[in-house]
Amino acid sequence: MLVLKIAAFFLGAAFTGFGYFIFFRGKYFLINGFEEDLREGRKTEAYAKKVGFAEFVIGIVCLLAGIALVLFA
C-alpha cells in the first residue's frame, strides 16, 4: 500500500509539472509530435492549452490524493 501512496504522489507531481510548463509557460515541445502538427496545420495552440490544462488538473488531483493517502490512510 505504501508503494501506491508514493506512486500517486510522484505521478501527481509529474503531471502537475508537465501541465504547468505546457499551459503556463508555453513549452509545447513537451507534447509528442505537436510542433510538427502545428506546422502542418493539423493542431492549434488552443489544443496545446487544453492538453496542458487537463494535465495540470489531473496532476493536482493525483497529488492531493497522494498526500491525503499518506496522511490519513
# chains A, B, ... in the order shown; residues from 1 in each chain; ligands from 1
>>> residues_around(residues="Leu2 (chain A)", least_positions_apart="5", cutoff="10 Å", atoms="only C-alpha atoms", output="ChimeraX atom specification")
/A:7-8,69-70,73
>>> write_last_selection(atoms="N, CA and C atoms", output="PDB file, in the first residue's frame")
ATOM      1  N   ALA A   7       3.513   6.266  -5.353  1.00  0.00           N
ATOM      2  CA  ALA A   7       3.309   6.359  -6.799  1.00  0.00           C
ATOM      3  C   ALA A   7       2.282   7.437  -7.134  1.00  0.00           C
ATOM      4  N   ALA A   8       1.201   7.526  -6.366  1.00  0.00           N
ATOM      5  CA  ALA A   8       0.184   8.556  -6.611  1.00  0.00           C
ATOM      6  C   ALA A   8       0.778   9.943  -6.411  1.00  0.00           C
ATOM      7  N   LEU A  69      -3.684  10.255   1.044  1.00  0.00           N
ATOM      8  CA  LEU A  69      -3.437   8.844   1.384  1.00  0.00           C
ATOM      9  C   LEU A  69      -2.281   8.691   2.365  1.00  0.00           C
ATOM     10  N   VAL A  70      -1.223   9.459   2.165  1.00  0.00           N
ATOM     11  CA  VAL A  70      -0.069   9.361   3.072  1.00  0.00           C
ATOM     12  C   VAL A  70      -0.442   9.848   4.467  1.00  0.00           C
ATOM     13  N   ALA A  73      -4.293   7.556   5.604  1.00  0.00           N
ATOM     14  CA  ALA A  73      -4.511   6.115   5.466  1.00  0.00           C
ATOM     15  C   ALA A  73      -3.365   5.323   6.028  1.00  0.00           C
TER      16      ALA A  73
END
>>> residues_around(residues="Glu35 (chain A)", least_positions_apart="4", cutoff="12 Å", atoms="only C-alpha atoms", output="list of chain:residue names")
A:Gly26, A:Lys27, A:Tyr28, A:Phe29, A:Leu30, A:Ile31, A:Arg39, A:Glu40, A:Gly41, A:Arg42, A:Lys43, A:Thr44, A:Glu45, A:Tyr47, A:Ala48
>>> closest_residue(among="A:Phe9, A:Phe23, A:Phe18, A:Met1", to="Lys50 (chain A)", atoms="only C-alpha atoms")
A:Phe23
>>> residues_around(residues="region 62-64 of chain A", least_positions_apart="5", cutoff="9 Å", atoms="only C-alpha atoms", output="CSV table (one decimal) with C-alpha atoms, in the first residue's frame")
chain,number,residue,atom,x,y,z
A,8,ALA,CA,0.2,8.6,-6.6
A,9,PHE,CA,2.2,11.4,-5.1
A,10,PHE,CA,5.0,11.2,-7.7
A,11,LEU,CA,2.6,10.7,-10.6
A,12,GLY,CA,0.6,13.8,-9.5
A,13,ALA,CA,3.8,15.8,-9.2
A,15,PHE,CA,1.5,15.6,-14.3
A,16,THR,CA,1.4,18.9,-12.5
A,57,VAL,CA,-5.8,19.5,-13.2
A,69,LEU,CA,-3.4,8.8,1.4
>>> closest_residue(among="A:Gly33, A:Ala46, A:Ile58, A:Ile67", to="Gly17 (chain A)", atoms="only C-alpha atoms")
A:Ile58
>>> atom_distance(atom1="CA of Phe53 (chain A)", atom2="CA of Phe21 (chain A)")
10.0 Å
>>> atom_distance(atom1="CA of Glu36 (chain A)", atom2="CA of Lys49 (chain A)")
16.3 Å
>>> closest_residue(among="A:Arg25, A:Gly19, A:Asp37, A:Ile6", to="Phe56 (chain A)", atoms="only C-alpha atoms")
A:Gly19
>>> closest_residue(among="A:Val51, A:Ala14, A:Leu38, A:Leu4", to="Ala65 (chain A)", atoms="only C-alpha atoms")
A:Leu4
>>> select_by_dssp(residues="chain A", states="helix (DSSP H, G or I)", output="JSON, numbers by chain")
{"A": [2, 3, 4, 5, 6, 7, 8, 9, 10, 11, 12, 13, 14, 15, 16, 17, 18, 19, 20, 21, 22, 23, 28, 29, 30, 34, 35, 36, 37, 38, 39, 40, 45, 46, 47, 48, 49, 50, 51, 52, 53, 54, 55, 56, 57, 58, 59, 60, 61, 62, 63, 64, 65, 66, 67, 68, 69, 70, 71, 72]}
